[in-house]
Amino acid sequence: MVMPGSIAKREGAIYCRPMSKAKKSPPGKRSPARKAPGRAAASSGIGWRRLVWQLMLVSLVIGLLGLAWLDARVRQRFDNHQWQLPARVYARPVELFSGREMTAENLDQLLTLLRYRRGDAAREPGSYARFNGGVSLYTRGFQDSDGGEPAQQIRLLIDSQRIGKLTDASGQPLPVARLEPLQIGSIHPGHSEDRVLVKLEDVPPLLVHMLMATEDRSFHEHHGISIRGLMRAVFANLRAGQMEQGGSTLTQQLVKNFWLTRERTLSRKLTEIPMALLLELHYSKAQILETYLNEVYLGQDGGRAIHGMGLAAQFYFGRPLAELEPHQLAMLIGLLKGPSYYDPRRHPERARQRRDTVLQAAASQGLLDDKLLSYLRNKPLEVVPKGGSALYAFPHFIDLVRRQLGRDYPAEVLASEGLVIHSTLDVLAQLVAEQKLSDFLVPHTALNGAVIITAPDQGDVLALVGDKSPRRAGFNRALDAQRPIGSLAKPAVVLAALQQPTKFHLGTRVTDGPFEVRMEDGQVWQPKNFDNQSLGAMSLTDALAQSRNQAIARLGLDAGLGEVIRTLQKLGVQSRIPPYPSIFLGSLNLSPFETAVMYQTIATGGQRTPLRSITDVLDRHGQPLARYPVRPEQVFDPQQGYLLQWALRQAMIRGTGRYAVAQLPANLLVAGKTGTSDGQRDAWFAGFSGSHLALVWLGRDDNGDTGFTGSSGPLRIWTSIMAALPQRPMRLTPPAGVEMVWLDADGVRRSGQGCEGAREYPLMTSSIPQQTSACGKVQSVPGGVKRWFKGLFD
Amino acid sequence: MVQRVVRLIVMVAVVSLAACAVTPGDMSMPMEMPAGDPLKGSAAESLWQMAVAAREQNNLAAAGRYLERALYLQPESSWLYRELAELRLREDDPQSAEVMIQRALRLAPPRPTYQAALWQLLATARMRQGDEQGAERARLEAEMLVRRR
C-alpha cells in the first residue's frame, strides 16, 4: 500500500534527478534542461501545483475526518451527558399544624437554618415577616413520595408555646403544612463533582444578563466564536508577551470545560474553535447556556468540586439561586475568572473588587442604574461561613445515613445519580441533644459522650450525637464505641423471667445477698453491689428499680442464662453475647446505637422496630424510588412488654431514676434505667416517654474512670433533653390479660389494700396467686370461667 | 401449655357449635372510624383522607407516607394504626400488620363492634403468616365481642 507521503517523496526524487545531472555537466555543454528552459519550468510548476493540490486534498480529507470525529464527540457527549449528581440528604420536613408544640424561638431557629429572609411581608419563597403574635411565611415547597408540598404563603399564630392557628394567605384555615426539609449533607465518596441542577427558566434573568455583559457580550450574535473577542485577546497577549486572555465565548468556555483540558495551548485552541462551531450548529443558544450554567466550575470544598450556579448559590450563600440578590449574583459571576483566586472566604477583598467589576460591567450595559449600582457596591459579600452550613453540621448522623444507604445502593450510584434522601433527623431534637451533652461536659474535658434520640413508635432516629464537639467528623462514638452496658442489661434479665409467668412475676421475692458461681474454667464469679451491701429479700421490681446486682444475678441464674441470651437477641442485640452469667450485670460490649435498638423494643412494649434514618429515596426528578416504611415485629407478648415498662417506671419513681421524676412535669410519665460499668468507666442512661426514647452514654476514649454513675451523669443530661422536647407521656394502661393485684409482703398471696407490706403489682392472669392472705378485703380476680377464658390469651 | 391447647380445642368445638346460631350478618363488622377516636376533627384527619385517596389510586407508597405523617400528628389514634395495618396487608407484610393491629387494639375506644373488627383483622394477619392457632384465638375473641354487643 502506498501512503500519500511516500508518493510525494518518490515524485520528488524523479523530479530532482535531472537537476543533479545538470550540476555534473561540463560548462558549455547544455544540459537537456537548459536546452528547453520554458518546458522545464512549466514541468516544474505543474509538479509543485500538483503537490500542493494533493497536499490540500489530503489535508481536506484529514480535516474532514477530524471534523467528523469532533462532531461525533460533541454530539455524543452533549446528547448523552449525565450530570454527576451526588445523593442529597435532607432532614425531616417540619410539620406545621394547629396545636403543635412550638415556641417562637424554635420557629426562629428553623427559619434561620433554612435561611429565610426577613422582610415586612412574605412575598417570595424563602421569606417571612413577623406580625403581632405570629409569623407570615412563604415556604419553598419540595417533592416527596406523597407528592410533596407546594410553595405557599401561610400564616401561623403562636400561642402559649404552641401553634394556635394556621391559615393560608387568604385567612382560610389550613389543616397542615410543611416547611421544606433542610439539606444536611450529600454523599460524595472521595473526589467528585457536586451540583444542583437548574433549569434556564428558573435562573434569574439578571444573572444571565450579567454573565453576558462580563464574559461574552455578543453571545446571541456569534456562531460559537467571536472574531472581535479573539482579536482583542491576541493583541492583549502580544502586548503582554504571554497568554493572558482567552477571548473565549461562553460556547468556547463550555467546550473547554466539557471536553478539553484547562491548559492554554494553541493546539487546544485549534480544537476548541471547531468544536464551538459544531456545538452552535447542533444546539440552541438556550441549551448551550443552560449547560454552561450547570457545568461551570465555581469552587472547591475539600474533595468536592462545586459545579454550576445552583450549587454555588447554596455553597456561598446558603440559598437557592432564585433567591439571590444582584450583588450576590455578581459575586458568582466574578468567580468565573478564578474560583480559587477570588474565593470570597479566603480572599474577601479580591472577591469584592471582582464583584464590583461585574456590577460595573452590568451598569455599563444598562442593567443597573447609578443609584442601584452605588447601593450594591456598598453591600457586604454576605457569604455564609463554611462551618455554619447545615451541610456539615451533623456528620455523625450523616454517617448513619451513609451506612444504611450503603446496604441498598452502590457507591457510584450514590455519587452520581442525584438521589434525594429524606431522612428522619429532627433538627430541633438534634440541636437540643448536642447542646445538653456539650453543656454538661464543659468542665469535664477528658470525658466524651454520645446521645441517641428516637421516636419509639416509628423507630425513627431523630438525633444522633457521636462527639461532644458535634460538628467534628471523626470517631463516631454513637455507632462505633463498643462499651460494657452495665446495668442497662438488667431489664433483659427481668424480661427473661417474666416470660415464665407461672414461675415469676413482678412481686416475686429475690434475695440480694452474696453468692458465687464456679465457672467451667474454674474461675469463681462473685457479684457485688455498687454500695458493697446486700439488702436481703426484695421484690423483683425493687431489685430492678434499685439496680441490685446480687438480686438480679440470682434472678438471671434462676431464669436461665440461655433464656437471658435469647431475650437480649429478641430485643435486638446482634453482637456476640458471651455465654457467662456476668452478662446479667452488663459485661457485654455494645455500641450506644445497638443499646438504643434494645431499648426501642422495650419502649414499644415488645415490638422490635429496626431503627431507621431514612424514610424515602427519590430519583433526581423527584419520583419515588424506594420507601423505608416502619416494619416492626412483635417479639414479646404485649403483656410481658407492659410489665417491664411498669417496672422501669418504678425505677424512675422510687429507684435510681428519681432525679428525673423530680425535675420533669408530674404528668409526663417516663421510664428508664441507669447503667454504670466496672470502675465507672462507662455511665449510661436509657429511658423513654410516649414520644421519645433517649439514650446517653458518657465515657473516656482512654477507658479511664469517668467519675460518674448513670444517675449522677447521663441521667442529668437525659432529663434536660427530655424537658426541652415536646413530650407525650408513656401509656400505662394495662393491656388485656394484665390485672392490678395487691400482694402481701412475701409476694405469694393476694392481699387486701393497705395491709402491712402489701403492694399492688400488675400481673399476668396466669401469674395471679390463688392463695389469699388473712389481711383486709382481698379483691376478686378473674376466676372460674373468666379465668379459664383468659388463660387462652396469656 | 398442654392445658392451654386442651382449652383451645374445647373452645373451638363450643364456638363451632355456637356459630350455627350466629347469622353470617353478625360477623360482617362495619369498619368505620369509631366514635371517640381522636383522629376525628384533628389536623391529621386531612392526611388520612389523602391516604385513602392515594390507596384508592393504588399508590400505596404515598398512602403509607400520609398515614405515617398522620400518626406523627395524632399518635393516639387507633383508627390510623388500623388503616396502616390494612395497608401493610395489601403490601403483603402481615407481620408488620399484626403489630399495627396490636397498637390499634391498645388504643381502641371501648366499642365492641370496632374491637371485634380489629380482632378479625388480626386473625387475617396471623393466618397470612401461617399462625393458624393465633388466628383462631383472634377469631374467637372477635366472636365473643360480637356476642357481647
# chains A, B, ... in the order shown; residues from 1 in each chain; ligands from 1
>>> select_by_dssp(residues="region 77-263 of chain A", states="strand (DSSP E or B)", output="PyMOL selection string")
chain A and resi 85+87-90+95-96+101+117-118+127-131+134-138+142+149+153-159+162-168+173+177-178+183-187+192-195
>>> interface_residues(of="chain A", to="chain B", cutoff="7 Å", atoms="only C-alpha atoms", output="PyMOL selection string")
chain A and resi 97+145-146+175-176+627+631-634+735+791-792
>>> atom_distance(atom1="CA of Leu669 (chain A)", atom2="CA of Gln650 (chain A)")
10.7 Å
>>> residues_around(residues="Leu121 (chain B)", least_positions_apart="6", cutoff="10 Å", atoms="only C-alpha atoms", output="PyMOL selection string")
chain B and resi 82+85-86+89+97-98+101+115+127+135+138-139+142
